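K.L.:
One structure coming up, written as structure tokens, with questions to follow.
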Amino acid sequence: MTDPLVEVRDLVFVYPGGVRALDGVDLQVQPGEKLAIIGQNGSGKSTLVRHFVGLLRATSGEVRVGGQPVGRRHVAELARTVGIAFQNPDRQIFAARVRDEVEFGPRNLGLRGAELQGRAAAALSAAGLEQRLDANPYDLGYSQRKLLGLASVLAMGTPLMVLDEPTTGQDARGVKRVEGLIDELAARGTTVVVISHDMRFVAETAARVVVMRAGRIVDDGPPESVFAEAHWPLLASTYLEPPLAARAGARLGLGSTPTDAALVARALEAGPRGVSRPG
Amino acid sequence: MQPSDARRTPPDFVQPIPTGPYRGLNPTTKLVIAVAEALVAFTVRGWTGPLAVLLVLATTAVAARLGRRLVPFVIATVPLTASILLVNTFLFPGATDVILRIGPFTPTWSGLEAALQATLRVMAFAMSVAVLVLTTRPDELVADLERRGAPRGVTFVIGATVRTIPRVVQRAGEITDAQRARGLDTQGRLWRRVRGVLPLAAPLIFGSLNEVEELTMALEARAFSAAGRRTTLRVFPDGTGQRQLRWAAALLTAALIVLSIAGRLAFLP
Amino acid sequence: MSLILRDATYRYAGVGHPALTDISLEIVPGSVLAVVGANEAGKSTLCLLAAGLAPTTIGGELRGTVEIDGLATIGARPPELAQRCGILFQNAETQLSGTAATVWEEVAFGPRNLSLPLDEVVERTEAALSALGVEELAPRDPGRLSGGQAQLVALAAVLAMRPAYLVLDEPTSQLDPQGTQLVGSALQRLAQESGAGLLVVEHKTDLLASIAEECVVLADGKIVARGSAGDVLADPRLDEWGVEPPSTARIERAARSAGVQEPMLSALATRP
């Protein structure tokens, strides 16, 4: 029985101005999980993940990373366990070459020489940027800069990776790249936490979905459960809508079908019986 | 809804007209007074200049009930006034009236006098700024200057600077978070933290430059560069009395500066 | 009268190859034209071109014509263009002037710049705020709004210029689902009620399907498909052009290739 990678117990966080951003959050992230956190802006998603790496310190409650309490551990140390790729790549890109940008993270962790370059190359390849090693990051378009941001954190090789809104502003190809990247991470055994507004993307990539509202977790389970019809009023209270596949499946009496694939599979089973509920 | 019910003037919360002693003065009047006070404090030699200005300031501060709000401004001057006091008291050139000898150090009375005068000047300057800032909202001042014909660019810069600071601070915070999450050490040894300047500064600078470009376009799209005077939303009360006060303050200040430079005010203590 | 581009080819200053080639399209008042395409296909450039910001404010070289209600954008002064065509960008906060103490003053910024009489400034401001249903935001500090609210305020500020045309470059891209819904329904109402001609660039094809009549696909700076929104968004080549099809089309395609039969197939493709 291994320790959870990240464990948060009764976490409360109050910003200096008095805003109670987290109001008693309990969460355990097990190694190897693919977890998505959804909720409106202001529900506490970004605030929560910042605690995983020590950028914010709990007002009360407990935060444990890698089995140990966070305590006064430096962010630079926690960053060996938890890598966070933030939403806006332009708030982190600083190097003159793509290569240098990607090497920054692992270099801070102490890697050098051939190992450093190998990590960087692998990360760029996963992001589809292997051809642009010596390009200036600002010669890349927004989609690619965003992927560069992901690659820069990927290269750190942390056991847990948090992706904050990786598909915002991405076109279809960019979204597919991100999905592929997450699959590859999972195949490697990396634990992945994704924050996203794209319900279809969430249903397809996550094995577990956590729903937040007003600083609390209000639902936690696999997509089949979180997007099931019985949970829709709860989702509505957070101003979220389930993916279209889930709505279509419920409407046609096919059960809980959060993804296109699940919907199609159930539709095939229902077969010649056709539509069992009027449309 | 009757046509006569339709609003013809901005709602009350837009550039509200301030009331109360001193606060209720026209914004430009308050500006002129502050500038006059600062200039007199620095150009009239001796004790009279700064003391007279401080007296005026004390009166206005009491009238406008500023009291404790002035304290942060006073505290802000301490580093400067402390160094002035030390430097002048101990190192005043050509002074021979020594107070006492402490080893190699020889503080002099002339030095101390010069130090105290200089301190009073700095305090007077700081207080005149403080009284202006505490009794006048920036948008109130900008609006009144615009109504009097100040160029659009100038008033825009004043207004925008005030509001840009929180935005830049927030952006700097986001950049710091992102780089720390990539292992940038901001809590460890100093030499390590020095290496962090580029990863923190570059995104801030480039981000700000990019933003300037988009802001320029957004402003142009709202006719920022159109000719002519922008519509005044609120006319702040003014009067013959205030106009005369402004002219009197300006002329008096000019006269005092000239006389002081010409050495005609040497009779004042 | 319309906003028309004829064989427009545009090159950014200092760049060798054109960002857009031989673009011809027309925005008609009272209608919504959707523009889709992969990132870097030229969608943002098209927005700047239509609004006249390119080449007038940002430089660059334009060949061909861009005319807004008969006024050629080359050689026009920015304030003239601003009154004919408004533009809204992705990022709400960088569009707010940063000089207004209240939302009301932010929206009044444009009309004031035109030196309009005070009662007209007030009328336009109040009308813009109410058109977007944000009257209760009027006394608030523009710097302290949520993303969706800020975007609505930025839109109100543009509407106060009373442009006949409005160009929107990924207006909901940075917003959460609630913000997206707010802005999406505001756009729908706008198109129906104000009679303005809208050009909307978005990745969210579901949103576009519900508000646009016509649609154009951009790839590598050229128009590769055009027609009614229904037809274009159902085109199987969208994937190839880097565009995510609307959810219903995507589901229908997956079901069809898996062998789902009628009537289930049609039932799946119907929007709930």
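Convention: chains lettered A, B, ... in structure tokens order; per-chain residue numbering from 1; ligands numbered from 1 as shown.
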Kindly provide, as a count of residues only, the residues of chain B having any atom no farther than 9 Å from an atom of chain A, counting only C-alpha atoms.
P.N.:
26
K.L.:
Taking the DSSP secondary structure from the backbone, can you list the residues of region 111-243 of chain A that are helix (DSSP H, G or I), as number ranges by chain?
P.N.:
A: 113-126, 130-132, 137-139, 142-154, 172-188, 199-205, 223-226, 229-237
K.L.:
Each residue of chain B with at least one atom at most 6 Å from chain C should appear once, together with its nearest atom pair and the corresponding distance in Å (one decimal); atoms considered: only C-alpha atoms; ordering: chain, then increasing residue number; output as a tab-separated table.
P.N.:
residue	atom	partner	partner_atom	distance
B:Arg8	CA	C:Asp119	CA	4.7
B:Gly159	CA	C:Thr99	CA	4.9
B:Ala160	CA	C:Thr99	CA	4.8
B:Arg163	CA	C:Gly98	CA	5.7
B:Leu215	CA	C:Gln95	CA	5.5
B:Ala218	CA	C:Gln95	CA	5.4
B:Ala221	CA	C:Ala82	CA	4.7
B:Arg222	CA	C:Gly110	CA	4.7
B:Ala223	CA	C:Pro79	CA	4.3
B:Phe224	CA	C:Asn113	CA	5.8
B:Ala226	CA	C:Pro79	CA	5.5
B:Arg230	CA	C:Ser115	CA	4.7
B:Thr231	CA	C:Arg112	CA	4.7
K.L.:
At a cut-off of 7 Å, which residues of chain A touch chain C? Count only C-alpha atoms and give the answer as a list in words.
P.N.:
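Applying the cut-off to the listed atoms yields Gln40, Asn41, Gly141, Ser143, Thr168, Gly169, Asp171, Ala172, Arg173, His197, Tyr239, Leu240, Leu244, Ala248, Asp260, Val264, Ala267, Leu268, Gly274, Val275 and Gly279 of chain A.
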K.L.:
Create the file for the chosen residues now, containing C-alpha atoms and written as a tab-separated table (two decimals), in the first residue's frame.
P.N.:
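This is the output file again-v3.tsv:
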chain	number	residue	atom	x	y	z
A	40	GLN	CA	-15.87	27.69	-12.67
A	41	ASN	CA	-13.13	30.26	-12.33
A	141	GLY	CA	2.69	30.58	-32.91
A	143	SER	CA	-0.35	26.84	-30.06
A	168	THR	CA	-7.41	26.75	-23.97
A	169	GLY	CA	-6.77	28.63	-27.20
A	171	ASP	CA	-6.80	24.41	-32.37
A	172	ALA	CA	-7.88	20.82	-33.14
A	173	ARG	CA	-4.33	19.64	-33.85
A	197	HIS	CA	-13.08	23.80	-19.04
A	239	TYR	CA	-22.80	26.29	-14.14
A	240	LEU	CA	-21.19	23.36	-15.93
A	244	LEU	CA	-22.78	16.24	-25.55
A	248	ALA	CA	-27.29	12.33	-26.08
A	260	ASP	CA	-18.16	9.55	-27.94
A	264	VAL	CA	-21.33	4.74	-29.99
A	267	ALA	CA	-25.80	2.69	-29.59
A	268	LEU	CA	-24.49	-0.40	-31.36
A	274	GLY	CA	-33.48	1.75	-32.40
A	275	VAL	CA	-34.48	4.69	-30.29
A	279	GLY	CA	-36.25	12.32	-29.00
K.L.:
Figure out the distance between CA of Ala225 (chain C) and CA of Gly64 (chain C), please, to one decimal in Å.
P.N.:
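Interatomic distance, CA of Gly64 (chain C) to CA of Ala225 (chain C): 20.1 Å.
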K.L.:
For Lys222 (chain C), work out the shell of residues within 8 Å, counting only C-alpha atoms and skipping chain neighbours fewer than 2 positions away, then give it as a PDB file with N, CA and C atoms, in the first residue's frame.
P.N.:
ATOM      1  N   LEU C  20      -2.022  36.728 -45.573  1.00  0.00           N
ATOM      2  CA  LEU C  20      -3.305  36.417 -46.203  1.00  0.00           C
ATOM      3  C   LEU C  20      -3.184  36.641 -47.709  1.00  0.00           C
ATOM      4  N   THR C  21      -3.787  35.753 -48.500  1.00  0.00           N
ATOM      5  CA  THR C  21      -3.672  35.855 -49.963  1.00  0.00           C
ATOM      6  C   THR C  21      -5.042  35.793 -50.622  1.00  0.00           C
ATOM      7  N   ASP C  22      -5.317  36.785 -51.462  1.00  0.00           N
ATOM      8  CA  ASP C  22      -6.536  36.780 -52.291  1.00  0.00           C
ATOM      9  C   ASP C  22      -7.807  36.520 -51.496  1.00  0.00           C
ATOM     10  N   ILE C  23      -7.979  37.278 -50.441  1.00  0.00           N
ATOM     11  CA  ILE C  23      -9.175  37.096 -49.630  1.00  0.00           C
ATOM     12  C   ILE C  23     -10.300  37.952 -50.168  1.00  0.00           C
ATOM     13  N   ALA C  41      -3.448  30.237 -39.223  1.00  0.00           N
ATOM     14  CA  ALA C  41      -3.983  30.196 -40.581  1.00  0.00           C
ATOM     15  C   ALA C  41      -4.230  31.608 -41.099  1.00  0.00           C
ATOM     16  N   LEU C 218     -10.303  29.172 -43.174  1.00  0.00           N
ATOM     17  CA  LEU C 218      -8.994  29.679 -43.598  1.00  0.00           C
ATOM     18  C   LEU C 218      -7.930  28.621 -43.382  1.00  0.00           C
ATOM     19  N   ALA C 219      -7.051  28.467 -44.358  1.00  0.00           N
ATOM     20  CA  ALA C 219      -5.908  27.574 -44.178  1.00  0.00           C
ATOM     21  C   ALA C 219      -4.724  28.199 -44.890  1.00  0.00           C
ATOM     22  N   ASP C 220      -3.595  28.340 -44.195  1.00  0.00           N
ATOM     23  CA  ASP C 220      -2.404  28.943 -44.794  1.00  0.00           C
ATOM     24  C   ASP C 220      -2.700  30.267 -45.477  1.00  0.00           C
ATOM     25  N   VAL C 224     -10.365  28.309 -48.013  1.00  0.00           N
ATOM     26  CA  VAL C 224     -10.450  26.995 -48.661  1.00  0.00           C
ATOM     27  C   VAL C 224     -11.868  26.445 -48.712  1.00  0.00           C
TER      28      VAL C 224
END
